[in-house]
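Visitor: File follows, input.txt with compact mmCIF, C-alpha atoms:
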```
# COMPACT_ATOMS: atom_id res chain seq x y z
CA MET A 916 22.47 34.31 -7.16
CA PRO A 917 23.05 32.94 -10.68
CA LYS A 918 23.33 35.32 -13.60
CA PRO A 919 19.75 36.24 -14.65
CA ALA A 920 18.67 34.63 -17.89
CA PRO A 921 17.51 36.87 -20.76
CA ALA A 922 13.75 37.49 -20.70
CA ALA A 923 12.90 35.42 -23.77
CA ASN A 924 14.33 32.22 -22.27
CA LEU A 925 11.83 32.34 -19.41
CA LEU A 926 8.73 32.39 -21.60
CA PRO A 927 6.07 31.15 -21.53
CA LEU A 928 5.31 31.79 -17.87
CA THR A 929 3.00 29.52 -15.90
CA PRO A 930 -0.28 31.21 -14.89
CA PRO A 931 0.69 31.48 -11.19
CA VAL A 932 4.04 33.15 -12.03
CA PHE A 933 2.40 35.51 -14.52
CA HIS A 934 -0.25 36.63 -12.05
CA ILE A 935 2.19 36.94 -9.16
CA LEU A 936 4.29 39.29 -11.31
CA LEU A 937 1.19 41.31 -12.20
CA ALA A 938 0.34 41.53 -8.50
CA LEU A 939 3.76 43.06 -7.86
CA ALA A 940 3.62 45.44 -10.84
CA ASP A 941 2.44 48.48 -8.93
CA GLU A 942 3.52 47.81 -5.35
CA GLU A 943 5.44 45.61 -2.97
CA ARG A 944 3.32 42.99 -1.27
CA HIS A 945 3.66 40.23 1.30
CA GLY A 946 2.56 36.64 0.58
CA TYR A 947 -1.05 36.98 1.66
CA GLY A 948 -1.32 40.31 -0.21
CA ILE A 949 -0.11 38.61 -3.40
CA MET A 950 -2.62 35.80 -2.92
CA GLN A 951 -5.52 38.23 -2.49
CA ASP A 952 -4.47 40.30 -5.49
CA VAL A 953 -4.16 37.24 -7.76
CA ALA A 954 -7.68 36.18 -6.72
CA ARG A 955 -8.93 39.70 -7.58
CA GLN A 956 -7.17 39.75 -10.96
CA THR A 957 -8.69 36.43 -11.99
CA ASN A 958 -12.16 36.82 -10.41
CA ASP A 959 -11.28 34.05 -7.94
CA ALA A 960 -10.49 31.61 -10.77
CA LEU A 961 -6.91 31.24 -9.52
CA GLN A 962 -6.68 30.67 -5.77
CA LEU A 963 -3.03 30.14 -4.89
CA GLY A 964 -2.39 27.87 -1.92
CA PRO A 965 0.58 28.59 0.35
CA GLY A 966 2.65 25.75 -1.15
CA THR A 967 2.14 26.89 -4.74
CA LEU A 968 2.71 30.53 -3.86
CA TYR A 969 6.01 30.06 -2.04
CA GLY A 970 7.22 27.41 -4.48
CA CYS A 971 6.78 29.97 -7.29
CA LEU A 972 8.34 32.78 -5.27
CA LYS A 973 11.36 30.59 -4.54
CA ARG A 974 11.93 29.92 -8.24
CA MET A 975 11.22 33.54 -9.16
CA LEU A 976 13.80 34.70 -6.59
CA THR A 977 16.37 32.30 -8.05
CA ALA A 978 15.60 33.50 -11.57
CA GLY A 979 15.89 37.10 -10.45
CA LEU A 980 12.30 38.07 -11.35
CA VAL A 981 11.53 39.28 -7.85
CA GLU A 982 13.55 40.25 -4.83
CA GLU A 983 12.88 40.40 -1.15
CA SER A 984 12.20 43.81 0.21
CA ASP A 985 12.43 44.65 3.90
CA GLU A 986 10.43 42.97 6.63
CA ARG A 987 7.74 45.05 8.24
CA PRO A 988 4.33 44.67 9.84
CA ASP A 989 1.07 45.02 7.95
CA THR A 990 -0.98 47.31 10.16
CA GLU A 991 -4.27 46.15 8.66
CA LEU A 992 -3.81 42.48 9.52
CA ASP A 993 -1.83 42.29 12.75
CA ASP A 994 1.41 43.44 14.25
CA GLU A 995 3.44 40.48 13.08
CA ARG A 996 6.35 41.29 10.80
CA ARG A 997 5.98 40.08 7.23
CA ARG A 998 8.46 39.69 4.39
CA TYR A 999 7.62 41.82 1.37
CA TYR A 1000 8.43 41.04 -2.26
CA ARG A 1001 9.23 43.46 -5.05
CA MET A 1002 9.49 43.01 -8.82
CA THR A 1003 12.93 43.47 -10.40
CA ASP A 1004 13.58 45.19 -13.74
CA LEU A 1005 14.08 41.75 -15.24
CA GLY A 1006 10.72 40.69 -13.82
CA ARG A 1007 9.04 43.72 -15.37
CA GLY A 1008 10.63 42.93 -18.74
CA VAL A 1009 9.56 39.29 -18.55
CA VAL A 1010 5.94 40.01 -17.60
CA ARG A 1011 5.71 42.60 -20.41
CA ALA A 1012 7.09 40.09 -22.89
CA GLU A 1013 4.62 37.47 -21.64
CA ALA A 1014 1.68 39.87 -21.91
CA HIS A 1015 2.81 40.70 -25.46
CA ARG A 1016 3.09 37.00 -26.31
CA LEU A 1017 -0.40 36.31 -24.93
CA ALA A 1018 -1.84 39.27 -26.87
CA GLU A 1019 -0.35 37.92 -30.11
CA ALA A 1020 -1.80 34.52 -29.32
CA VAL A 1021 -5.24 36.03 -28.76
CA ILE A 1022 -5.04 37.93 -32.06
CA ALA A 1023 -4.11 34.74 -33.89
CA ALA A 1024 -6.92 32.85 -32.18
CA ARG A 1025 -9.51 35.49 -33.08
CA ALA A 1026 -8.43 35.50 -36.70
CA ARG A 1027 -8.68 31.72 -36.98
CA LEU A 1028 -11.87 31.26 -35.00
CA GLY A 1029 -13.74 34.19 -36.52
CA LEU A 1030 -14.39 35.77 -33.14
CA ALA A 1031 -15.20 39.46 -33.04
CA GLY A 1032 -12.72 41.59 -31.12
CA GLY A 1033 -13.68 42.36 -27.57
CA LYS A 1034 -15.70 39.20 -27.07
CA MET B 861 -15.09 29.36 13.47
CA ASP B 862 -13.67 30.57 16.75
CA SER B 863 -10.06 31.44 17.37
CA ILE B 864 -9.35 28.23 19.29
CA SER B 865 -10.32 26.07 16.34
CA ILE B 866 -8.30 28.26 13.97
CA ARG B 867 -5.33 27.79 16.28
CA GLY B 868 -5.93 24.05 16.10
CA LEU B 869 -6.04 24.08 12.31
CA CYS B 870 -2.85 26.16 12.21
CA GLY B 871 -1.27 23.48 14.41
CA ILE B 872 -2.21 20.81 11.89
CA TYR B 873 -0.93 22.93 9.04
CA ALA B 874 2.34 23.50 10.91
CA ALA B 875 2.71 19.71 11.20
CA MET B 876 1.90 19.28 7.50
CA LEU B 877 4.78 21.60 6.64
CA TYR B 878 7.18 18.87 7.74
CA ALA B 879 6.37 17.05 4.52
CA TYR B 880 8.26 19.72 2.56
CA PRO B 881 12.03 19.52 2.07
CA ARG B 882 13.86 20.93 5.08
CA ASP B 883 15.43 23.91 3.33
CA PHE B 884 12.14 24.98 1.81
CA ARG B 885 10.34 24.65 5.12
CA ARG B 886 13.01 26.61 6.99
CA GLN B 887 12.92 29.40 4.48
CA TYR B 888 9.19 29.77 3.87
CA GLY B 889 7.44 27.72 6.57
CA ALA B 890 6.77 30.65 8.89
CA GLU B 891 5.35 32.76 6.06
CA MET B 892 3.20 29.89 4.81
CA GLN B 893 1.70 29.52 8.28
CA GLN B 894 0.95 33.25 8.34
CA VAL B 895 -0.79 33.03 4.99
CA PHE B 896 -2.72 29.95 6.06
CA ARG B 897 -3.94 31.72 9.20
CA ASP B 898 -4.98 34.79 7.19
CA ARG B 899 -6.96 32.58 4.85
CA CYS B 900 -8.62 30.74 7.76
CA ARG B 901 -9.90 34.07 9.05
CA GLU B 902 -11.54 34.78 5.67
CA GLN B 903 -13.58 31.58 5.73
CA SER B 904 -17.09 31.21 7.01
CA GLY B 905 -19.70 28.47 7.04
CA ALA B 906 -19.95 26.81 3.67
CA SER B 907 -16.58 27.99 2.35
CA TRP B 908 -14.68 25.77 4.81
CA LEU B 909 -15.18 22.63 2.77
CA ALA B 910 -13.85 24.18 -0.45
CA PHE B 911 -11.03 25.80 1.50
CA SER B 912 -9.88 22.54 3.13
CA GLY B 913 -10.12 20.78 -0.21
CA SER B 914 -8.04 23.35 -2.06
CA THR B 915 -5.51 23.53 0.77
CA ALA B 916 -5.09 19.75 0.74
CA MET B 917 -4.66 19.73 -3.04
CA ASP B 918 -2.15 22.57 -2.83
CA TRP B 919 -0.27 20.70 -0.12
CA ILE B 920 -0.04 17.44 -2.05
CA ALA B 921 0.90 19.11 -5.36
CA SER B 922 3.50 21.44 -3.89
CA VAL B 923 5.04 18.79 -1.60
CA ILE B 924 5.62 16.62 -4.67
CA ARG B 925 6.95 19.56 -6.70
CA GLU B 926 9.33 20.80 -4.01
CA ARG B 927 10.55 17.29 -3.18
CA ARG B 928 11.30 16.63 -6.82
CA ALA B 929 13.11 19.96 -7.07
CA ALA B 930 15.07 19.17 -3.90
CA SER B 931 16.11 15.71 -5.06
CA LEU B 932 17.28 17.14 -8.39
CA ALA B 933 19.34 19.68 -6.48
CA VAL B 934 20.98 17.07 -4.26
CA SER B 935 24.14 15.89 -6.00
CA ALA B 936 24.18 12.36 -7.35
CA GLN B 937 26.65 11.07 -4.77
CA MET B 938 24.00 8.98 -3.04
CA GLY B 939 22.46 5.88 -4.57
CA ALA B 940 19.10 6.60 -6.14
CA GLY B 941 17.20 4.28 -3.80
CA ARG B 942 18.75 5.64 -0.66
CA LYS B 943 18.15 9.19 -1.82
CA LEU B 944 14.53 8.44 -2.54
CA ILE B 945 14.01 6.96 0.92
CA GLN B 946 15.68 9.93 2.57
CA GLU B 947 13.61 12.40 0.64
CA TRP B 948 10.31 10.70 1.32
CA ALA B 949 10.89 9.39 4.84
CA VAL B 950 9.27 12.32 6.62
CA THR B 951 6.30 12.39 4.27
CA LEU B 952 5.75 8.67 4.72
CA LEU B 953 5.99 8.97 8.48
CA LEU B 954 3.42 11.73 8.40
CA PHE B 955 1.01 9.67 6.31
CA LEU B 956 1.48 6.72 8.68
CA PHE B 957 0.88 8.97 11.67
CA VAL B 958 -2.33 10.35 10.21
CA THR B 959 -3.68 6.95 9.25
CA THR B 960 -3.00 5.39 12.65
CA THR B 961 -3.72 8.20 15.07
CA MET B 962 -6.31 10.38 13.43
CA VAL B 963 -8.39 8.19 11.18
CA GLN B 964 -8.88 4.47 10.76
CA ALA B 965 -10.58 2.51 8.01
CA TYR B 966 -13.34 0.03 8.81
CA VAL B 967 -15.70 -2.10 6.80
CA VAL B 968 -19.22 -2.76 8.07
CA PRO B 969 -20.17 -6.48 7.89
CA THR B 970 -23.67 -6.37 9.38
CA GLY B 971 -26.91 -4.57 8.69
CA SER B 972 -27.74 -3.41 12.20
CA MET B 973 -27.60 0.25 11.16
CA GLU B 974 -29.66 -0.04 7.98
CA ASN B 975 -30.82 1.95 6.17
CA ASN B 976 -28.20 4.51 7.15
CA ILE B 977 -25.16 2.25 7.06
CA LEU B 978 -25.22 -0.77 4.76
CA ILE B 979 -23.35 -4.06 4.67
CA GLY B 980 -20.21 -3.43 2.65
CA ASP B 981 -19.76 0.24 3.54
CA HIS B 982 -16.05 0.96 3.84
CA MET B 983 -15.61 3.99 6.02
CA LEU B 984 -13.00 6.18 7.62
CA VAL B 985 -13.55 6.78 11.31
CA ASP B 986 -12.37 10.06 12.83
CA LYS B 987 -10.56 8.99 15.98
CA VAL B 988 -10.00 12.49 17.32
CA GLY B 989 -13.46 14.11 17.22
CA PHE B 990 -14.64 12.67 20.52
CA SER B 991 -11.26 12.42 22.19
CA ASN B 992 -11.82 15.04 24.87
CA THR B 993 -12.56 12.39 27.47
CA GLY B 994 -9.18 12.30 29.13
CA ASN B 995 -5.97 14.21 28.85
CA ASN B 996 -5.49 13.09 25.26
CA TRP B 997 -3.06 15.54 23.64
CA THR B 998 -4.76 15.34 20.27
CA SER B 999 -7.70 17.29 21.63
CA TYR B 1000 -5.41 20.32 21.71
CA VAL B 1001 -4.68 19.96 18.01
CA LEU B 1002 -8.06 19.16 16.43
CA PRO B 1003 -11.49 20.50 17.25
CA THR B 1004 -13.31 18.05 19.53
CA ARG B 1005 -16.74 17.90 21.08
CA GLN B 1006 -18.79 15.89 23.53
CA VAL B 1007 -20.88 12.95 22.34
CA LYS B 1008 -24.50 13.99 21.80
CA ARG B 1009 -27.73 11.99 21.72
CA GLY B 1010 -28.32 10.86 18.14
CA ASP B 1011 -24.59 10.68 17.24
CA ILE B 1012 -23.44 7.60 15.35
CA ILE B 1013 -20.33 6.24 17.06
CA ALA B 1014 -17.81 3.47 16.46
CA PHE B 1015 -16.79 1.72 19.69
CA ARG B 1016 -15.18 -1.42 21.03
CA PHE B 1017 -17.75 -4.09 21.76
CA PRO B 1018 -17.65 -4.41 25.59
CA GLU B 1019 -17.97 -8.21 25.48
CA ASP B 1020 -15.13 -8.61 22.95
CA VAL B 1021 -12.95 -5.56 22.57
CA ARG B 1022 -11.37 -6.94 19.41
CA GLN B 1023 -14.61 -6.15 17.59
CA THR B 1024 -15.62 -2.64 16.64
CA PHE B 1025 -19.34 -1.85 16.48
CA VAL B 1026 -21.19 1.09 15.00
CA LYS B 1027 -24.44 2.21 16.68
CA ARG B 1028 -26.39 5.33 17.51
CA VAL B 1029 -26.20 6.99 20.93
CA ILE B 1030 -29.66 7.05 22.51
CA GLY B 1031 -28.87 7.69 26.16
CA LEU B 1032 -26.24 9.81 27.89
CA PRO B 1033 -25.32 9.45 31.58
CA GLY B 1034 -28.35 10.22 33.75
CA ASP B 1035 -30.92 9.57 31.00
CA ARG B 1036 -33.88 7.36 31.93
CA ILE B 1037 -34.79 5.00 29.12
CA HIS B 1038 -37.31 2.31 28.35
CA LEU B 1039 -38.83 0.81 25.20
CA GLN B 1040 -42.54 0.21 24.88
CA ASN B 1041 -43.72 -1.68 21.81
CA LYS B 1042 -40.71 -0.59 19.71
CA ARG B 1043 -41.02 3.03 20.85
CA VAL B 1044 -38.08 4.51 22.76
CA ILE B 1045 -39.10 6.64 25.73
CA ARG B 1046 -36.33 8.82 27.10
CA ASN B 1047 -36.85 10.82 30.28
CA GLY B 1048 -40.59 10.32 29.87
CA GLN B 1049 -40.69 11.61 26.29
CA PRO B 1050 -41.39 9.25 23.36
CA LEU B 1051 -38.70 9.80 20.74
CA ASP B 1052 -39.36 10.68 17.15
CA GLU B 1053 -36.75 8.62 15.31
CA PRO B 1054 -36.82 9.18 11.55
CA TYR B 1055 -33.53 7.28 11.24
CA ALA B 1056 -34.89 4.05 12.77
CA GLN B 1057 -36.46 1.29 10.68
CA HIS B 1058 -38.60 -1.67 11.68
CA VAL B 1059 -38.52 -4.70 9.45
CA THR B 1060 -41.17 -6.68 11.34
CA SER B 1061 -44.56 -5.56 12.55
CA TYR B 1062 -45.17 -8.03 15.38
CA ILE B 1063 -44.09 -7.31 18.94
CA ASP B 1064 -41.35 -9.51 20.36
CA ASP B 1065 -41.44 -8.83 24.08
CA ASP B 1066 -37.71 -9.42 24.68
CA ARG B 1067 -36.81 -7.16 21.83
CA ASP B 1068 -39.44 -4.45 21.62
CA ASN B 1069 -40.07 -3.89 25.30
CA PHE B 1070 -37.21 -2.97 27.58
CA PRO B 1071 -36.22 -3.52 30.29
CA THR B 1072 -37.88 -6.87 30.83
CA ALA B 1073 -36.98 -9.88 32.94
CA ALA B 1074 -34.78 -11.00 30.05
CA ALA B 1075 -32.62 -7.87 30.18
CA PRO B 1076 -28.97 -8.56 30.94
CA ALA B 1077 -27.75 -8.66 34.53
CA ALA B 1078 -25.75 -5.49 33.90
CA PHE B 1079 -28.98 -3.55 34.15
CA ALA B 1080 -30.15 -5.12 37.42
CA HIS B 1081 -29.07 -2.23 39.61
CA GLN B 1082 -29.89 0.44 37.06
CA VAL B 1083 -33.64 -0.08 36.80
CA GLN B 1084 -35.92 2.36 38.59
CA ASP B 1085 -39.67 2.57 38.04
CA GLY B 1086 -39.40 0.66 34.78
CA ASP B 1087 -36.65 2.91 33.40
CA VAL B 1088 -33.01 2.04 32.92
CA ILE B 1089 -30.84 4.88 34.20
CA VAL B 1090 -27.59 5.37 32.28
CA PRO B 1091 -24.71 5.40 34.82
CA PRO B 1092 -21.93 8.01 34.80
CA ASP B 1093 -19.40 7.65 31.95
CA MET B 1094 -21.61 5.14 30.15
CA LEU B 1095 -23.72 5.32 27.00
CA PHE B 1096 -26.86 3.52 25.88
CA VAL B 1097 -26.72 2.67 22.17
CA LEU B 1098 -29.18 1.18 19.69
CA GLY B 1099 -28.91 0.13 16.05
CA ASP B 1100 -31.09 1.96 13.52
CA ASN B 1101 -32.30 -1.39 12.17
CA ARG B 1102 -34.17 -1.73 15.46
CA ASP B 1103 -35.70 -5.18 14.89
CA ASP B 1104 -32.41 -6.78 13.84
CA SER B 1105 -29.71 -5.20 15.97
CA LEU B 1106 -27.65 -6.56 18.83
CA ASP B 1107 -27.25 -3.49 20.96
CA SER B 1108 -27.43 -2.13 24.52
CA ARG B 1109 -30.76 -3.92 25.01
CA TYR B 1110 -28.92 -7.24 24.91
CA TRP B 1111 -25.44 -6.63 26.26
CA GLY B 1112 -25.49 -3.46 28.32
CA PHE B 1113 -23.90 -0.03 28.30
CA VAL B 1114 -20.86 1.18 26.37
CA PRO B 1115 -18.18 2.72 28.60
CA ARG B 1116 -17.33 6.23 27.38
CA ASP B 1117 -13.65 5.22 27.06
CA TYR B 1118 -14.53 2.46 24.58
CA ILE B 1119 -15.45 4.99 21.88
CA VAL B 1120 -13.16 4.69 18.87
CA GLY B 1121 -14.53 7.66 16.98
CA LYS B 1122 -17.21 8.88 14.67
CA PRO B 1123 -17.76 7.70 11.08
CA LEU B 1124 -16.31 10.41 8.87
CA VAL B 1125 -16.85 9.34 5.29
CA ILE B 1126 -17.80 6.25 3.30
CA TYR B 1127 -15.01 5.92 0.75
CA TRP B 1128 -16.30 2.76 -0.90
CA SER B 1129 -19.57 0.87 -0.65
CA TYR B 1130 -19.78 -2.59 -2.16
CA ASP B 1131 -22.82 -4.81 -2.35
CA GLY B 1132 -21.86 -8.07 -0.65
CA SER B 1133 -22.80 -10.42 2.19
CA THR B 1134 -21.77 -10.43 5.84
CA LYS B 1135 -19.26 -13.27 5.46
CA ASP B 1136 -17.45 -11.46 2.63
CA PHE B 1137 -16.59 -8.56 4.90
CA GLU B 1138 -15.90 -10.49 8.11
CA THR B 1139 -13.16 -12.69 6.69
CA TRP B 1140 -11.08 -12.51 3.57
CA ASN B 1141 -11.99 -15.13 1.01
CA ILE B 1142 -10.95 -15.80 -2.54
CA ALA B 1143 -14.52 -15.89 -3.83
CA HIS B 1144 -15.07 -12.35 -2.60
CA LEU B 1145 -11.87 -11.08 -4.25
CA GLU B 1146 -12.96 -12.68 -7.49
CA ASP B 1147 -16.41 -11.13 -7.12
CA VAL B 1148 -14.90 -7.67 -6.63
CA ALA B 1149 -12.60 -8.12 -9.60
CA LEU B 1150 -15.49 -9.14 -11.86
CA HIS B 1151 -18.24 -6.86 -10.62
CA PHE B 1152 -16.40 -3.82 -9.24
CA PHE B 1153 -18.24 -1.31 -11.39
CA THR B 1154 -21.72 -2.78 -11.16
CA LYS B 1155 -21.76 -3.80 -7.50
CA THR B 1156 -20.12 -0.68 -6.13
CA ARG B 1157 -22.84 1.59 -4.76
CA TRP B 1158 -21.51 4.72 -6.42
CA SER B 1159 -24.12 7.02 -4.93
CA ARG B 1160 -22.81 6.27 -1.44
CA THR B 1161 -19.20 7.05 -2.28
CA LEU B 1162 -17.87 9.98 -0.29
CA THR B 1163 -21.03 10.43 1.73
CA THR B 1164 -21.18 10.86 5.48
CA PRO B 1165 -23.27 8.26 7.30
```
So that I can check it, write out the structure of this file as structure tokens.

Guide:
Amino acid sequence: MPKPAPAANLLPLTPPVFHILLALADEERHGYGIMQDVARQTNDALQLGPGTLYGCLKRMLTAGLVEESDERPDTELDDERRRYYRMTDLGRGVVRAEAHRLAEAVIAARARLGLAGGK
Amino acid sequence: MDSISIRGLCGIYAAMLYAYPRDFRRQYGAEMQQVFRDRCREQSGASWLAFSGSTAMDWIASVIRERRAASLAVSAQMGAGRKLIQEWAVTLLLFLFVTTTMVQAYVVPTGSMENNILIGDHMLVDKVGFSNTGNNWTSYVLPTRQVKRGDIIAFRFPEDVRQTFVKRVIGLPGDRIHLQNKRVIRNGQPLDEPYAQHVTSYIDDDRDNFPTAAAPAAFAHQVQDGDVIVPPDMLFVLGDNRDDSLDSRYWGFVPRDYIVGKPLVIYWSYDGSTKDFETWNIAHLEDVALHFFTKTRWSRTLTTP
């Protein structure tokens, strides 16, 4: 694996990458679990297809944002073994930095557009 | 959707994975199939259309993205052209396979199915939907079903198999059929046919009554008490434009094996005349070039006949 790049070089994140990282913030998940969680986070606005999901995961693995955890079955779905993904410390740093960047952008937008906070 | 159909869809998806670069497919293919199957189980009724649409879009977008990433990763030792061909060969083969085996494009040159199918309708015909006649392997991959009365089918014209006709199935094997003053009577019951249209009001005995002495010889042994009885493995078909349609009344039954498929979607409908769509001619090309936007029937685009 190449040497992980410093967090700032990876910003801004694309929406799928950002939401995948958020999905992995509190627990390890398998692919379908990530997809469901991203849909929940975005009120179904972002429905990741399998191709988009695994394309992102591949690049995130290479960049060192996530790592593969062990393979184990999900008892709720079926007995088949599934590969789980976990966020790395670098991933956590990057998603925090991105959230911060987005927050700054929102503040700037509100100031310029005269929107009240919270709307 | 039942588990057999889901298994069929997963089979198609597994085949679609071959469009991705080999390394990507080997690494993530199995997981992608798992995810696809999980998502299939979530779907119900109306959500299938949106689901297939978004899956197709995801497939196209991510195949392009991963192929581009893969070709950037491949070192520049190969010539650009050769590399491009290698990278896209599988994808191209897959597209070719789909367009020859599963769907075929046709244009309708005659108005025998008006007002449901018009002259100039360009349509894709699903060649797999009715394929459960023999031991056709595709029926294990895609959902298939038996032909029903009222289905619109595309089939080879029995008197000239080079021509493909589109008509509506009126009689299945065993059905007893006759026409009395334009009215179809099947197994003793007059049919209510909201899809049929009559452009003339007078009765033409050879056309509006059936079978008559003028009926083709093919029917000679199939007539019983004034009804034609559809033989095993045959179909009786009529055009919706009942007064202006050359159909089973004039040339006999359609063998079940002559079915090409069922019209899936009209992808382009252009207002033109029969000769424009039967043979290519320069005048027609010119007409399309000049009047594409005004003579395209936009409201028919992407509708199912």

Visitor: Phe1079 of chain B: which residues within 10 Å, counting only C-alpha atoms, same-chain residues fewer than 6 positions away excluded, as a VMD selection string?

Guide: chain B and resid 1071 1088 to 1091 1108 to 1113

Visitor: Using all atoms listed in the file, can you tell me which of B:Gly868, B:Gly913, B:Pro1018, B:Gly1048 comes closest to chain A?

Guide: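 Using all atoms listed in the file, chain A sits closest to B:Gly913.
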
Visitor: Considering all atoms listed in the file, extract the chain A residues located within 7 Å of chain B and return them as a list in words.

Guide: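 That gives the following set of residues: Gly946, Tyr947, Gly964, Pro965, Gly966, Thr967, Tyr969 and Gly970 of chain A.
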
Visitor: Separation of atom CA of Val958 of chain B and atom CA of Ile872 of chain B, in Å?

Guide: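 Computed distance, atom CA of Val958 of chain B to atom CA of Ile872 of chain B, equals 10.6 Å.
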
Visitor: Quick one, how far is atom CA of Trp948 of chain B from atom CA of Tyr1127 of chain B?

Guide: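 Separating atom CA of Trp948 of chain B from atom CA of Tyr1127 of chain B is a distance of 25.8 Å.
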
Visitor: To one decimal in Å, tell me the separation between atom CA of Asp1104 of chain B and atom CA of Gln1049 of chain B.

Guide: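 Between atom CA of Asp1104 of chain B and atom CA of Gln1049 of chain B the gap is 23.7 Å.
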
Visitor: Please determine, counting all atoms listed in the file, which residue among B:Gln1057, B:Gln1006, B:Gln1023, B:Thr1156 has the shortest atom-to-atom distance to Met973 of chain B.

Guide: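 For Met973 of chain B, the nearest of the candidates is B:Gln1057.
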
Visitor: Excluding same-chain residues fewer than 3 positions from Gly1010 of chain B, what lies within 9 Å of it counting only C-alpha atoms, as a PDB file with C-alpha atoms, in the coordinates of the input?

Guide:
```pdb
ATOM      1  CA  VAL B1007     -20.880  12.950  22.340  1.00  0.00           C
ATOM      2  CA  ARG B1028     -26.390   5.330  17.510  1.00  0.00           C
ATOM      3  CA  VAL B1029     -26.200   6.990  20.930  1.00  0.00           C
ATOM      4  CA  ILE B1030     -29.660   7.050  22.510  1.00  0.00           C
ATOM      5  CA  GLY B1031     -28.870   7.690  26.160  1.00  0.00           C
TER       6      GLY B1031
END
```

Visitor: Can you give me N, CA and C atoms for segment 1083-1100 of chain B, written as a tab-separated table (two decimals), in the coordinates of the input?

Guide:
```
chain	number	residue	atom	x	y	z
B	1083	VAL	N	-32.23	-0.25	37.15
B	1083	VAL	CA	-33.64	-0.08	36.80
B	1083	VAL	C	-34.38	0.61	37.94
B	1084	GLN	N	-35.14	1.65	37.59
B	1084	GLN	CA	-35.92	2.36	38.59
B	1084	GLN	C	-37.26	2.71	37.97
B	1085	ASP	N	-38.33	2.30	38.54
B	1085	ASP	CA	-39.67	2.57	38.04
B	1085	ASP	C	-39.81	2.22	36.56
B	1086	GLY	N	-39.24	1.10	36.16
B	1086	GLY	CA	-39.40	0.66	34.78
B	1086	GLY	C	-38.47	1.33	33.80
B	1087	ASP	N	-37.63	2.26	34.28
B	1087	ASP	CA	-36.65	2.91	33.40
B	1087	ASP	C	-35.26	2.40	33.74
B	1088	VAL	N	-34.43	2.27	32.68
B	1088	VAL	CA	-33.01	2.04	32.92
B	1088	VAL	C	-32.36	3.40	33.03
B	1089	ILE	N	-31.53	3.60	34.05
B	1089	ILE	CA	-30.84	4.88	34.20
B	1089	ILE	C	-29.39	4.70	33.78
B	1090	VAL	N	-28.96	5.51	32.80
B	1090	VAL	CA	-27.59	5.37	32.28
B	1090	VAL	C	-26.61	5.87	33.33
B	1091	PRO	N	-25.67	5.00	33.78
B	1091	PRO	CA	-24.71	5.40	34.82
B	1091	PRO	C	-23.69	6.42	34.31
B	1092	PRO	N	-22.96	7.05	35.21
B	1092	PRO	CA	-21.93	8.01	34.80
B	1092	PRO	C	-20.92	7.35	33.87
B	1093	ASP	N	-20.43	8.10	32.89
B	1093	ASP	CA	-19.40	7.65	31.95
B	1093	ASP	C	-19.81	6.44	31.13
B	1094	MET	N	-21.12	6.22	30.99
B	1094	MET	CA	-21.61	5.14	30.15
B	1094	MET	C	-22.56	5.70	29.09
B	1095	LEU	N	-22.79	4.92	28.04
B	1095	LEU	CA	-23.72	5.32	27.00
B	1095	LEU	C	-24.67	4.17	26.70
B	1096	PHE	N	-25.89	4.52	26.31
B	1096	PHE	CA	-26.86	3.52	25.88
B	1096	PHE	C	-27.00	3.66	24.38
B	1097	VAL	N	-26.72	2.58	23.63
B	1097	VAL	CA	-26.72	2.67	22.17
B	1097	VAL	C	-27.70	1.68	21.56
B	1098	LEU	N	-28.29	2.06	20.44
B	1098	LEU	CA	-29.18	1.18	19.69
B	1098	LEU	C	-28.81	1.23	18.21
B	1099	GLY	N	-29.10	0.12	17.50
B	1099	GLY	CA	-28.91	0.13	16.05
B	1099	GLY	C	-30.14	0.73	15.38
B	1100	ASP	N	-29.95	1.36	14.22
B	1100	ASP	CA	-31.09	1.96	13.52
B	1100	ASP	C	-32.04	0.89	12.98
```
